[in-house]
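S.K.: I am attaching a structure below and will ask some questions about it afterwards.
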Amino acid sequence: MIGGRNSLSGPVDPTANAGYGDEHPKRKGFFTDTSICIGCKACEVACKEWNDVPADHFDMTATSYDNSHSLNANQWRHVAFIEQPKRLGSQDPGLRPPEVTDLGMPSVRPTDTAGAVADGAGGTGVGAEGEKPDFRWLMSSDVCKHCTHAACLDVCPTGSLFRTEFGTVVVQDDICNGCGYCVPACPYGVIDRRKGPDGAKNVGIAQKCTLCYDRLGAGQTPACAQSCPTQSIQFGDVDELRERANARVAQLHEAGVMDARLYGNDPHDGVGGTGSIFLLLDEPEVYGFPPDPLVTTADLPHMFRRASAAAATLLVGAALAFVGRRP
Amino acid sequence: MAEAHPVGFQWVVEAKARGAKVIHVDPRFTRTSALADTFVPLRVGTDIAFLGGIVNYVLSNELDFREYVVSYTNAATIVSDDFLDTEDLDGLFSGFDPETRTYDTESWQYATQEQDAAGDDEAMQRETASAMQHETHGMQVEGQPPRDETLQHPNCVYQVLKRHYARYTPEMVARTCGVTEEAFLEVCRAWTENSGRDRTTALVYSVGWTQHSVGVQYIRTGAILQLLLGNMGRPGGGIMALRGHASIQGSTDIPTLFNLLPGYLPMPNAQDHTTLEEWVDAVRHPGAKGFWSNADAYGINLLKAYWGEKATPENDFCFDYVPKVSGDHGTYRTVLDMIDGKVKGYFLLGQNPAVGSAHGKAQRLGMANLDWLVVRDLFEIESATFWKDSPEVATGEIVPEECATEVFLMPAASHVEKEGTFTQTQRMLQWREKAVDPPGDCRSELWFFHHLGRMVRERLAGSTDERDRPLLDLAWDYPTHHAGHQPEGWGEPSAEAVLKEVNGYEVATGRPLSTFAEMKADGSTLGGCWIYTGVYKDGVNQAARRKPGSEQSWVAPEWGWAWPANRRTLYNRASADPEGRPWSERKAYVWWDEEAQEWTGHDVPDFEKGKPPSYRPGPDDDGVAGIAGDDPFIMQGDGKGALYVPAGLLDGPLPTHYEPVESPFPNPVYGQQANPTRKEYSRAENRMNPSPPEEHSQVFPFVFTTSRLTEHHTAGGMSRYVARLAELQPEMFVEVSPELAAERGLENGGWATIVTARAAIEARVMVTDRLTPLRVEDRVVHQVWLPYHWGQGGIVTGDSANDLFGISLDPNVLIQESKVGTCDVRAGRRPSGADLLGLVAEYQRRAGVDHDLLRPIVTTGPGALVDDEGDETPRPAGDDGTDGHDGHDDTSGDHQ
Amino acid sequence: MTGPGQHRADGPEQAHPDDERQTTAVIGSAGGRRPRRAGGRRKHGPGIEQVVPDAEFTSYYGRPIVKAAPWEHDIPAYLFSGGLAAGSALVAAGADLTGRPQLRRTSRLGALVALAFSGAALVHDLGKPSRFVNMLRVAKLTSPMSVGTWILTGYAPGAGLAGLAELLDLVPADRRRDGVLGSASRVLSWVDRPAGLWGALFGPPLAAYTAVLLSDTATPSWHESYRELPFVFVGSAAAASAGLGLIGAPVHETGPVRRLAVGGAVLELVAEHRMERSMGITAEPLHEGRAGRLMRAAKVLTAAGAVGAALSGRSRALGVLSGAALMAGSACTRFGVFEAGIESANDPKYTVVPQRERLAREGPRHFPE
Ligand SMILES: Nc1nc2c(c(=O)[nH]1)N[C@H]1C(S)=C(S)[C@@H](COP(=O)(O)OP(=O)(O)OC[C@H]3O[C@@H](n4cnc5c(=O)[nH]c(N)nc54)[C@H](O)[C@@H]3O)O[C@H]1N2
Ligand SMILES: Nc1nc2c(c(=O)[nH]1)N[C@H]1C(S)=C(S)[C@@H](COP(=O)(O)OP(=O)(O)OC[C@H]3O[C@@H](n4cnc5c(=O)[nH]c(N)nc54)[C@H](O)[C@@H]3O)O[C@H]1N2
Ligand code: SF4
Ligand code: SF4
Ligand code: SF4
Ligand code: SF4
Ligand code: SF4
Ligand SMILES: [Mo]
């Protein structure tokens with residue numbers, strides 16, 4: 001409901017904002033440290049197994065090792081793979097020593113080949129002087145952000161999407177009517193209406209990460225975090241995770257990995273900070289994240305004012321049309 | 001490691017968090033490289049040159065950990081004057097017989113050592129891959145070989161080593177491996193700077209090193225380096241052989257190998273081991289030193305475990321009942337024998353050779369020529385369906401209506417549906433509870449074999465035929481319990497009862513043994529696998545211990561149980577200096593407690609507890625007493641780490657670079673091209689691509705290698721048939737560099753055909769910077785990479801990379817060279833049906849291997865360049881070829 | 001053999017071998033080389049580095065960042081029919097109050113059909129009728145769809161009853177004297193004017209809320225248009241309903257709708273023009289591809305319809321033609337805006353570039369405490 005300070009934007013405790021009393025648990029979330037992700041996809045599979053999410057696409061995308069494509073109704077965790085002609089910290093990627101590329105080898109990949117970020121970042125970047133090109137392979141496991149201000153939840157007309165006592169955002173399968181409104185509302189492109197496969201449960205219903213609501217209720221760690229071998233996915237209290245994330249990014253900066261940056265940890269940002277915080281090694285859009293997302297409902301009061309004005313214009317216009325002189 | 005052992009990789013990430021530097025050496029940039037500090041791409045199959053270069057760097061700069069090397073290795077030991085090195089013989093060692101392609105190891109011995117005549121039929125050793133048994137059983141050393149602790153004697157191992165590797169200069173390494181000198185030297189510096197008193201470096205390898213025709217020597221080179229740098233037996237050091245399947249370590253400990261019995265006891269052979277004593281002596285070598293001297297007890301306890309009360313001192317504990325090997329019964333020989341109609345029936349359990357074994361076509365043609373085949377698996381895998389849907393059906397080589405093999409597919413219970421142990425990389429046994437009942441008719445292996453044995457014995461009951469005695473006399477009385485809907489008499493055998501028998505117990509009282517030292521050679525105790533004794537200590541299933549790491553010391557001795565005797569680090573006596581003091585405070589692990597007069601520390605000391613560092617054996621002491629107080633390598637005859645191996649390996653006492661069997665390059669180091677002692681079966685099914693000095697090697701200009709994807713498991717039975725895994729990597733693909741793509745017109749996401757003299761397969765193309773062309777010998781070589789997980793079955797299907805390989809094997813362990821071959825790569829899909837055969841035939845013709853199957857294997861010295869018929873020789877005498885080695889054996893399966 | 005746990009006590013106090021080197025688990029941390037620093041970086045908040053937008057924008061394999069609404073053509077069809085219903089209710093009420101029976105009948109029946117069509121479209125989109133009912137469980141101001149559902153729910157009885165009354169009027173008088181039809185027609189005759197007015201009251205919000213429905217999403221071309229889109233939509237609703245009136249009513253009754261047509265069309269065109277100017281790069285999809293063709297058609301049809309309407313004081317035929325053009329123009333606007341939104345969601349450029357531009361202009365957002 002509209003009302004209450006920062007109920008649509010700005011820093012707020014989403015659980016309290018949703019009307020839970022003082023006795024609710026601390027807000028839970030993830031800190032995904034992509035700098036130690038090894039792209040094993042255990043998180044993807046564990047999520048599907050635990051939540052009975054169907055497997056439905058068996059085509060190779062030829063975009064590095066990412067064959068799960070994106071977050072969607074049948075993919076609540078998605079691991080991105082990015083091959084880039086950039087250097088990772090002081091890593092020595094060792095590829096293409098100058099003697100080899102000097103031998104008249106073609107130095108730039110054919111334009112139609114993927115394997116790097118599709119736009120703008122192609123090319124092996126072998127320097128004109130035969131300088132050793134840089135290379136790095138970024139991996140990152142994406143998930144629902146469990147936004148402080150969750151557009152999906154705000155716009156849901158049935159109340160199917162709700163804020164749990166853990167501050168997370170969950171779809172109630174039996175209430176969702178499949179209107180699909182949450183889908184374009186999410187600024188991260190997370191939630192989606194399940195299209196298939198035939199026979200799967202909840203076809204036509206909006207689906208996304210529940211932050212393993214059932215496991216949380218039983219005092220357990222979400223399946224994806226539990227299965228992550230390198231602790232790239234860390235689960236815990238959001239407050240504490242934010243601190244951990246800040247410490248980690250500082251550590252990386254100190255070690256010379258200046259690319260490291262946090263995403264979603266600022267409670268003052270466009271969605272009031274996310275419940276899933278990420279440490280990224282490149283711009284967000286490289287990973288398929290929006291660089292500066294905004295919860296759409298932050299503008300909603302303004303929208304309604306504009307709509308009211310328009311409605312009034314229509315009413316007045318119509319009235320004027322009739323009260324005018326008979327032709 | 002991140003790719004195939006992601007869970008283990010957490011410790012690498014943790015080590016990095018503690019400041020460790022990670023270097024990854026691999027032909028291609030993988031998920032491991034992504035997190036490594038340094039990645040060094042090298043030409044596949046050249047690691048001995050790379051490591052040899054580091055050995056040279058260490059020796060020529062005297063960077064070895066001298067005190068450790070002098071005291072703990074055989075560096076000071078003096079080698080016979082007769083020994084001639086590859087330096088002298090252009091890539092061969094002394095004693096080579098080009099006829100049999102074996103070495104007489106006489107000249108390799110330490111000065112004054114005599115070769116023990118018995119058991120050294122090199123041809124038989126080569127045939128049965130049993131030379132290594134010397135090594136697993138410790139090199140036998142009698143008396144006191146001369147030593148020069150100043151390491152100056154021209155024939156001391158140190159100097160021999162130095163001369164042997166002098167040729168492996170940075171330039172040579174760069175020229176051979178395709179790495180830059182700069183990258184190579186960086187690895188040298190990092191490794192040596194991080195080794196010594198205060199620091200240790202761990203070496204981790206897996207099948208990228210083993211699956212070569214010189215695989216064993218790869219690991220030997222690693223061992224030499226780690227010994228020179230003092231990294232063995234110490235915390236944070238060692239050589240980590242990352243094992244494969246969940247319990248592949250367990251299946252070498254209690255082996256599924258034709259030439260080994262449990263606990264690394266050698267399988268007796270029909271020729272040399274006709275009595276118990278002959279067999280036992282061949283293991284313990286009376287007069288030799290080290291812990292193998294108790295082999296009689298280990299062997300007799302095993303026989304007692306097999307035949308129970310029927311095994312008595314009077315009948316040699318039923319030693320006669322033990323089957324004896326008479327030659328090569330490895331999985332590849334057996335498959336060829338199937339093709340030749342010599343094998344009638346076959347049990348296939350938990351293996352999918354139609355996809356997973358080298359030379360897929362030979363595998364399938366072999367199985368299609370059996371009378372019967374039992375497959376126990378979780379799914380209806382390719383090895384059960386080959387007769388109706390293999391690629392050979394499309395080409396007409398197998399006609400389903402005519403294929404006579406009767407396939408019995410039996411559903412197996414998976415690991416979560418049965419109890420038992422896993423033994424993992426660190427030799428640790430972990431007990432696994434049954435989580436759920438197996439569905440339908442699925443049953444455990446234990447159930448299957450227990451009841452199979454019971455039924456066979458019931459059939460044979462009353463037989464007076466001598467040959468049935470071994471079966472009828474077996475102790476086959478495991479308690480069963482009823483699970484689910486199994487009918488009366490068909491219960492599940494108790495896995496704990498089996499574990500107790502494996503552990504061993506006192507026959508009279510049933511009291512479980514707590515250490516193998518309690519094993520008696522008189523029949524009063526029995527035990528199925530001496531190295532596992534202790535796992536059921538005090539009647540407690542020690543493997544089931546799960547005390548959290550936070551509640552115990554950092555060595556975590558109470559998590560599971562590791563053999564031997566719950567030691568977590570082998571040879572850990574080496575973590576203390578010769579006087580028994582830790583090399584440094586940082587690296588303290590096991591040390592001599594002067595006050596208590598015993599060894600103590602964080603781990604269970606791998607040494608006699610009360611033997612002081614100052615102990616010196618008398619000149620006549622043998623066995624355990626022959627090991628001095630400062631000899632940490634207690635399984636070795638001289639207690640020393642072996643830099644040089646006078647006996648135990650078929651292909652040389654020192655690792656030397658040989659080219660892969662298929663290579664576009666002549667060996668840059670020596671005239672001998674590839675491992676001269678390798679096994680190669682020259683026959684029509686097994687044509688090899690030509691390599692220098694043969695002509696036409698340019699027909700297959702590229703090097704290919706195969707390995708794993710995190711997303712799939714081996715032959716795909718457990719991943720391609722499971723939707724949530726299958727979708728992660730849904731199609732067979734080939735990784736190529738942008739440069740090769742440009743050269744061959746390959747498009748990312750398009751198709752390519754990969755051709756060898758055996759097959760042509762198709763794959764989707766992945767163009768990636770993770771593969772880089774390398775400059776080798778002033779030429780640029782392109783390497784392509786293929787995962788080997790696909791076959792025609794399951795949810796996602798594709799051509800099998802193993803169809804590309806021929807069969808050539810490491811002589812020591814008979815592992816196949818499935819990490820490297822040469823090929824051609826063409827844009828577009830492959831033809832199908834008869835046209836496919838035509839394409840391959842065309843390549844064979846161009847390569848000149850269409851009718852000429854013989855080729856030179858020895859390429860230097862006397863006998864060089866003579867066409868060799870390889871190992872397609874008549875089998876050893878007494879084998880009429882009809883005894884059909886029925887059964888699942890997997891010699892080559894997983895020697896890592 | 002030492003028992004587990006004991007060996008700690010008798011050894012020297014010992015930490016893990018590597019404890020003292022607690023540095024960082026970072027790639028390349030142990031190597032000595034300094035990383036390169038990319039140029040053009042400005043430090044903005046704690047731990048956040050921002051980069052002046054690249055000339056070339058980057059994305060993840062060109063894949064969409066936000067998800068396009070999973071809606072089929074039911075929804076733009078509904079946008080049109082909802083607008084038509086809304087405007088028609090207003091026109092019908094005006095006609096009723098000013099005594100224009102033909103216009104009233106046309107508009108009331110139009111509203112009724114449009115309402116039925118809207119309902120059908122929505123239910124089709126949801127899959128089954130019961131799912132519509134789910135929305136009546138709650139009233140939620142943050143959800144324009146919820147708000148719209150209630151507006152529609154409010155509108156439906158008024159417009160419905162008025163429409164039914166009109167429908168009954170079509171039945172010959174002798175057939176609706178007694179029986180069910182008789183009682184119905186008596187009741188309806190009392191309520192038809194209040195019902196019509198009630199429907200008219202809900203007309204303007206019904207016409208306007210659909211703009212919020214689209215704008216209140218992360219779909220770039222919809223969200224960015226939120227200031228003007230309501231005006232485009234009410235203009236479009238007015239033009240379409242006036243167009244219907246032009247088609248169905250005789251010339252002597254169409255005076256108001258001719259004015260309404262002109263007013264609505266002008267409002268729509270002007271608002272649309274301003275909207276495009278204010279949308280930055282997200283206006284692009286309105287010019288390109290199918291959406292672009294639809295939007296161009298909409299402009300031509302609407303403008304022509306308006307001119308025709310203005311001139312149709314004498315000619316019924318011209319009125320009919322102009323009315324059809326206006327209705328078609330309105331439909332094109334709805335489909336065009338809808339399609340442009342879908343396009344903008346599917347191309348990550350429209351998500352990244354405006355956000356990057358904003359960041360470059362204003363830095364990271366900072367919503368105060
Ligand atoms: N996900 C997954 N995990 C697995 C398995 C699986 O199938 N899938 N299989 C299990 C089994 S059975 C095993 S044995 C292990 C195997 O584990 P690994 O040995 O780690 O597996 P591979 O991927 O076969 O090979 C490792 C690397 O060796 C490289 N390589 C190939 N040739 C050479 C060479 O000549 N020199 C060097 N330096 N590198 C080379 C390959 O490029 C590859 O990156 O994994 C186990 N774990
Ligand atoms: N080209 C190439 N070839 C290779 C390798 C390579 O690197 N390159 N690697 C080699 C290596 S290291 C290995 S280990 C082999 C592996 O090759 P295989 O062992 O032939 O292949 P898997 O797919 O592991 O076969 C195991 C089968 O056991 C079944 N299974 C699982 N659990 C059970 C059980 O409890 N009981 C029974 N009865 N069945 C069970 C699975 O469904 C599966 O089909 O491949 C080798 N081949
Ligand atoms: S990321 Fe999207 S789906 Fe997740 S809570 Fe935020 S708005 Fe909802
Ligand atoms: S699809 Fe379901 S969850 Fe999404 S907005 Fe509609 S009712 Fe809510
Ligand atoms: S928290 Fe649970 S539902 Fe969400 S991605 Fe992880 S496993 Fe899936
Ligand atoms: S489980 Fe962890 S390491 Fe593996 S892909 Fe997911 S986040 Fe990365
Ligand atoms: S599959 Fe099993 S054994 Fe292999 S890494 Fe994963 S958990 Fe470990
Ligand atoms: Mo393996």
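Residue numbers start at 1 in each chain; chains themselves are named A, B, ... in the order of the structure tokens; ligands are numbered from 1 in the order shown.
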Show me, as a PDB file with all heavy atoms, in the first residue's frame, the residues that have an atom within 7 Å of segment 285-290 of chain B when counting only C-alpha atoms, minus same-chain residues fewer than 6 positions from it.

M.R.:
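That gives us around_21.pdb:
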```pdb
ATOM      1  N   GLN B 140      63.052 -53.585  -3.968  1.00  0.00           N
ATOM      2  CA  GLN B 140      63.804 -54.496  -3.105  1.00  0.00           C
ATOM      3  C   GLN B 140      65.266 -54.077  -3.087  1.00  0.00           C
ATOM      4  O   GLN B 140      65.876 -53.907  -4.130  1.00  0.00           O
ATOM      5  CB  GLN B 140      63.689 -55.928  -3.617  1.00  0.00           C
ATOM      6  CG  GLN B 140      62.280 -56.338  -3.978  1.00  0.00           C
ATOM      7  CD  GLN B 140      61.323 -56.178  -2.814  1.00  0.00           C
ATOM      8  OE1 GLN B 140      61.702 -56.371  -1.661  1.00  0.00           O
ATOM      9  NE2 GLN B 140      60.083 -55.832  -3.096  1.00  0.00           N
ATOM     10  N   VAL B 141      65.792 -53.905  -1.903  1.00  0.00           N
ATOM     11  CA  VAL B 141      67.209 -53.566  -1.792  1.00  0.00           C
ATOM     12  C   VAL B 141      67.814 -54.454  -0.726  1.00  0.00           C
ATOM     13  O   VAL B 141      67.300 -54.526   0.388  1.00  0.00           O
ATOM     14  CB  VAL B 141      67.419 -52.088  -1.408  1.00  0.00           C
ATOM     15  CG1 VAL B 141      68.915 -51.793  -1.307  1.00  0.00           C
ATOM     16  CG2 VAL B 141      66.758 -51.182  -2.422  1.00  0.00           C
ATOM     17  N   GLU B 142      68.823 -55.153  -1.108  1.00  0.00           N
ATOM     18  CA  GLU B 142      69.479 -56.002  -0.122  1.00  0.00           C
ATOM     19  C   GLU B 142      70.821 -55.393   0.240  1.00  0.00           C
ATOM     20  O   GLU B 142      71.424 -54.675  -0.542  1.00  0.00           O
ATOM     21  CB  GLU B 142      69.684 -57.410  -0.695  1.00  0.00           C
ATOM     22  CG  GLU B 142      68.375 -58.175  -0.818  1.00  0.00           C
ATOM     23  CD  GLU B 142      68.422 -59.228  -1.908  1.00  0.00           C
ATOM     24  OE1 GLU B 142      69.420 -59.967  -1.960  1.00  0.00           O
ATOM     25  OE2 GLU B 142      67.472 -59.273  -2.709  1.00  0.00           O
ATOM     26  N   ASP B 622      67.332 -57.367   8.276  1.00  0.00           N
ATOM     27  CA  ASP B 622      66.461 -57.197   7.118  1.00  0.00           C
ATOM     28  C   ASP B 622      65.055 -56.880   7.595  1.00  0.00           C
ATOM     29  O   ASP B 622      64.817 -56.655   8.770  1.00  0.00           O
ATOM     30  CB  ASP B 622      66.504 -58.421   6.193  1.00  0.00           C
ATOM     31  CG  ASP B 622      66.026 -59.679   6.900  1.00  0.00           C
ATOM     32  OD1 ASP B 622      65.495 -59.572   8.025  1.00  0.00           O
ATOM     33  OD2 ASP B 622      66.177 -60.771   6.315  1.00  0.00           O
ATOM     34  N   GLY B 623      64.134 -56.849   6.663  1.00  0.00           N
ATOM     35  CA  GLY B 623      62.764 -56.535   7.025  1.00  0.00           C
ATOM     36  C   GLY B 623      62.677 -55.168   7.683  1.00  0.00           C
ATOM     37  O   GLY B 623      63.413 -54.247   7.348  1.00  0.00           O
ATOM     38  N   VAL B 624      61.759 -55.057   8.630  1.00  0.00           N
ATOM     39  CA  VAL B 624      61.510 -53.767   9.275  1.00  0.00           C
ATOM     40  C   VAL B 624      62.747 -53.314  10.040  1.00  0.00           C
ATOM     41  O   VAL B 624      63.077 -52.119  10.086  1.00  0.00           O
ATOM     42  CB  VAL B 624      60.298 -53.877  10.222  1.00  0.00           C
ATOM     43  CG1 VAL B 624      60.011 -52.536  10.866  1.00  0.00           C
ATOM     44  CG2 VAL B 624      59.075 -54.379   9.455  1.00  0.00           C
ATOM     45  N   GLY B 626      65.635 -53.541   9.187  1.00  0.00           N
ATOM     46  CA  GLY B 626      66.637 -53.000   8.278  1.00  0.00           C
ATOM     47  C   GLY B 626      66.455 -51.522   7.998  1.00  0.00           C
ATOM     48  O   GLY B 626      67.281 -50.899   7.339  1.00  0.00           O
ATOM     49  N   ILE B 627      65.359 -50.959   8.446  1.00  0.00           N
ATOM     50  CA  ILE B 627      65.074 -49.543   8.203  1.00  0.00           C
ATOM     51  C   ILE B 627      65.683 -48.714   9.336  1.00  0.00           C
ATOM     52  O   ILE B 627      65.379 -48.938  10.502  1.00  0.00           O
ATOM     53  CB  ILE B 627      63.549 -49.305   8.154  1.00  0.00           C
ATOM     54  CG1 ILE B 627      62.925 -50.094   6.997  1.00  0.00           C
ATOM     55  CG2 ILE B 627      63.220 -47.829   8.066  1.00  0.00           C
ATOM     56  CD1 ILE B 627      63.215 -49.538   5.626  1.00  0.00           C
ATOM     57  N   ILE B 634      59.425 -46.085   4.458  1.00  0.00           N
ATOM     58  CA  ILE B 634      59.546 -47.406   5.067  1.00  0.00           C
ATOM     59  C   ILE B 634      59.047 -48.549   4.200  1.00  0.00           C
ATOM     60  O   ILE B 634      59.267 -49.701   4.529  1.00  0.00           O
ATOM     61  CB  ILE B 634      58.787 -47.430   6.407  1.00  0.00           C
ATOM     62  CG1 ILE B 634      57.333 -47.009   6.180  1.00  0.00           C
ATOM     63  CG2 ILE B 634      59.463 -46.520   7.421  1.00  0.00           C
ATOM     64  CD1 ILE B 634      56.464 -47.188   7.404  1.00  0.00           C
ATOM     65  N   MET B 635      58.354 -48.246   3.112  1.00  0.00           N
ATOM     66  CA  MET B 635      57.950 -49.337   2.245  1.00  0.00           C
ATOM     67  C   MET B 635      59.035 -49.638   1.213  1.00  0.00           C
ATOM     68  O   MET B 635      58.968 -50.631   0.495  1.00  0.00           O
ATOM     69  CB  MET B 635      56.640 -49.017   1.515  1.00  0.00           C
ATOM     70  CG  MET B 635      55.457 -48.722   2.424  1.00  0.00           C
ATOM     71  SD  MET B 635      55.132 -49.995   3.661  1.00  0.00           S
ATOM     72  CE  MET B 635      54.405 -51.293   2.680  1.00  0.00           C
ATOM     73  N   GLN B 636      60.008 -48.786   1.102  1.00  0.00           N
ATOM     74  CA  GLN B 636      61.093 -48.985   0.156  1.00  0.00           C
ATOM     75  C   GLN B 636      62.178 -49.827   0.807  1.00  0.00           C
ATOM     76  O   GLN B 636      62.415 -49.732   2.019  1.00  0.00           O
ATOM     77  CB  GLN B 636      61.705 -47.634  -0.239  1.00  0.00           C
ATOM     78  CG  GLN B 636      60.736 -46.688  -0.923  1.00  0.00           C
ATOM     79  CD  GLN B 636      60.411 -47.128  -2.329  1.00  0.00           C
ATOM     80  OE1 GLN B 636      59.632 -48.054  -2.531  1.00  0.00           O
ATOM     81  NE2 GLN B 636      61.008 -46.484  -3.307  1.00  0.00           N
ATOM     82  N   GLY B 637      62.865 -50.606  -0.019  1.00  0.00           N
ATOM     83  CA  GLY B 637      63.890 -51.506   0.508  1.00  0.00           C
ATOM     84  C   GLY B 637      64.996 -50.780   1.250  1.00  0.00           C
ATOM     85  O   GLY B 637      65.597 -51.331   2.158  1.00  0.00           O
ATOM     86  N   ASP B 638      65.296 -49.543   0.866  1.00  0.00           N
ATOM     87  CA  ASP B 638      66.371 -48.831   1.555  1.00  0.00           C
ATOM     88  C   ASP B 638      65.833 -47.678   2.394  1.00  0.00           C
ATOM     89  O   ASP B 638      66.595 -46.865   2.897  1.00  0.00           O
ATOM     90  CB  ASP B 638      67.399 -48.312   0.543  1.00  0.00           C
ATOM     91  CG  ASP B 638      66.745 -47.474  -0.542  1.00  0.00           C
ATOM     92  OD1 ASP B 638      65.505 -47.328  -0.514  1.00  0.00           O
ATOM     93  OD2 ASP B 638      67.458 -46.981  -1.435  1.00  0.00           O
ATOM     94  N   GLY B 639      64.516 -47.614   2.499  1.00  0.00           N
ATOM     95  CA  GLY B 639      63.920 -46.556   3.312  1.00  0.00           C
ATOM     96  C   GLY B 639      64.057 -45.172   2.692  1.00  0.00           C
ATOM     97  O   GLY B 639      63.791 -44.169   3.333  1.00  0.00           O
TER      98      GLY B 639
END
```

S.K.: May I ask you to write as a PyMOL selection string all residues lying at most 6 Å from ligand 5, with only C-alpha atoms and all ligand atoms counted?

M.R.: chain A and resi 47+76-77+143+209-212+222-224

S.K.: List as number ranges by chain the protein and nucleic acid residues near Tyr350 of chain C, meaning an atom at most 7 Å away when only C-alpha atoms are counted, but skip any in the same chain fewer than 2 places from it.

M.R.: C: 220, 281-282, 344, 347-348, 352-354

S.K.: Restricted to N, CA and C atoms, what would the selected residues look like written as a PDB file, in the first residue's frame?

M.R.:
```
ATOM      1  N   PRO C 220      11.535  -0.538 -20.733  1.00  0.00           N
ATOM      2  CA  PRO C 220      12.058   0.823 -20.895  1.00  0.00           C
ATOM      3  C   PRO C 220      11.114   1.778 -21.607  1.00  0.00           C
ATOM      4  N   ILE C 281      16.553   7.621 -25.744  1.00  0.00           N
ATOM      5  CA  ILE C 281      16.793   6.503 -26.657  1.00  0.00           C
ATOM      6  C   ILE C 281      15.633   5.502 -26.649  1.00  0.00           C
ATOM      7  N   THR C 282      14.858   5.506 -25.574  1.00  0.00           N
ATOM      8  CA  THR C 282      13.784   4.504 -25.518  1.00  0.00           C
ATOM      9  C   THR C 282      12.631   4.856 -26.447  1.00  0.00           C
ATOM     10  N   SER C 344      11.634  -2.893 -26.676  1.00  0.00           N
ATOM     11  CA  SER C 344      12.602  -2.226 -25.811  1.00  0.00           C
ATOM     12  C   SER C 344      13.059  -3.152 -24.685  1.00  0.00           C
ATOM     13  N   ASP C 347      15.734  -5.746 -26.157  1.00  0.00           N
ATOM     14  CA  ASP C 347      17.065  -5.272 -26.525  1.00  0.00           C
ATOM     15  C   ASP C 347      17.709  -4.616 -25.301  1.00  0.00           C
ATOM     16  N   PRO C 348      18.798  -5.216 -24.813  1.00  0.00           N
ATOM     17  CA  PRO C 348      19.380  -4.703 -23.568  1.00  0.00           C
ATOM     18  C   PRO C 348      19.852  -3.259 -23.675  1.00  0.00           C
ATOM     19  N   VAL C 352      20.294  -0.547 -20.704  1.00  0.00           N
ATOM     20  CA  VAL C 352      21.617  -0.115 -20.245  1.00  0.00           C
ATOM     21  C   VAL C 352      21.876   1.357 -20.527  1.00  0.00           C
ATOM     22  N   VAL C 353      21.647   1.780 -21.765  1.00  0.00           N
ATOM     23  CA  VAL C 353      22.082   3.123 -22.146  1.00  0.00           C
ATOM     24  C   VAL C 353      21.414   4.218 -21.308  1.00  0.00           C
ATOM     25  N   PRO C 354      20.088   4.192 -21.152  1.00  0.00           N
ATOM     26  CA  PRO C 354      19.502   5.262 -20.336  1.00  0.00           C
ATOM     27  C   PRO C 354      20.017   5.236 -18.902  1.00  0.00           C
TER      28      PRO C 354
END
```

S.K.: Taking only C-alpha atoms and all ligand atoms and a cut-off of 9 Å, can you tell me which residues surround ligand 4, written as number ranges by chain?

M.R.: A: 152-162, 170-173, 175-183, 185, 191-193, 204-207; C: 126, 131, 134-135, 143, 145

S.K.: Residues within 8 Å of ligand 6 should be enumerated using only C-alpha atoms and all ligand atoms and returned as a ChimeraX atom specification.

M.R.: /A:32-34,36-44,79,139-141,224-225,227-233 /B:6

S.K.: What does the list of residues within 8 Å of ligand 7 look like if you count only C-alpha atoms and all ligand atoms, written as number ranges by chain?

M.R.: B: 4-8, 245-246
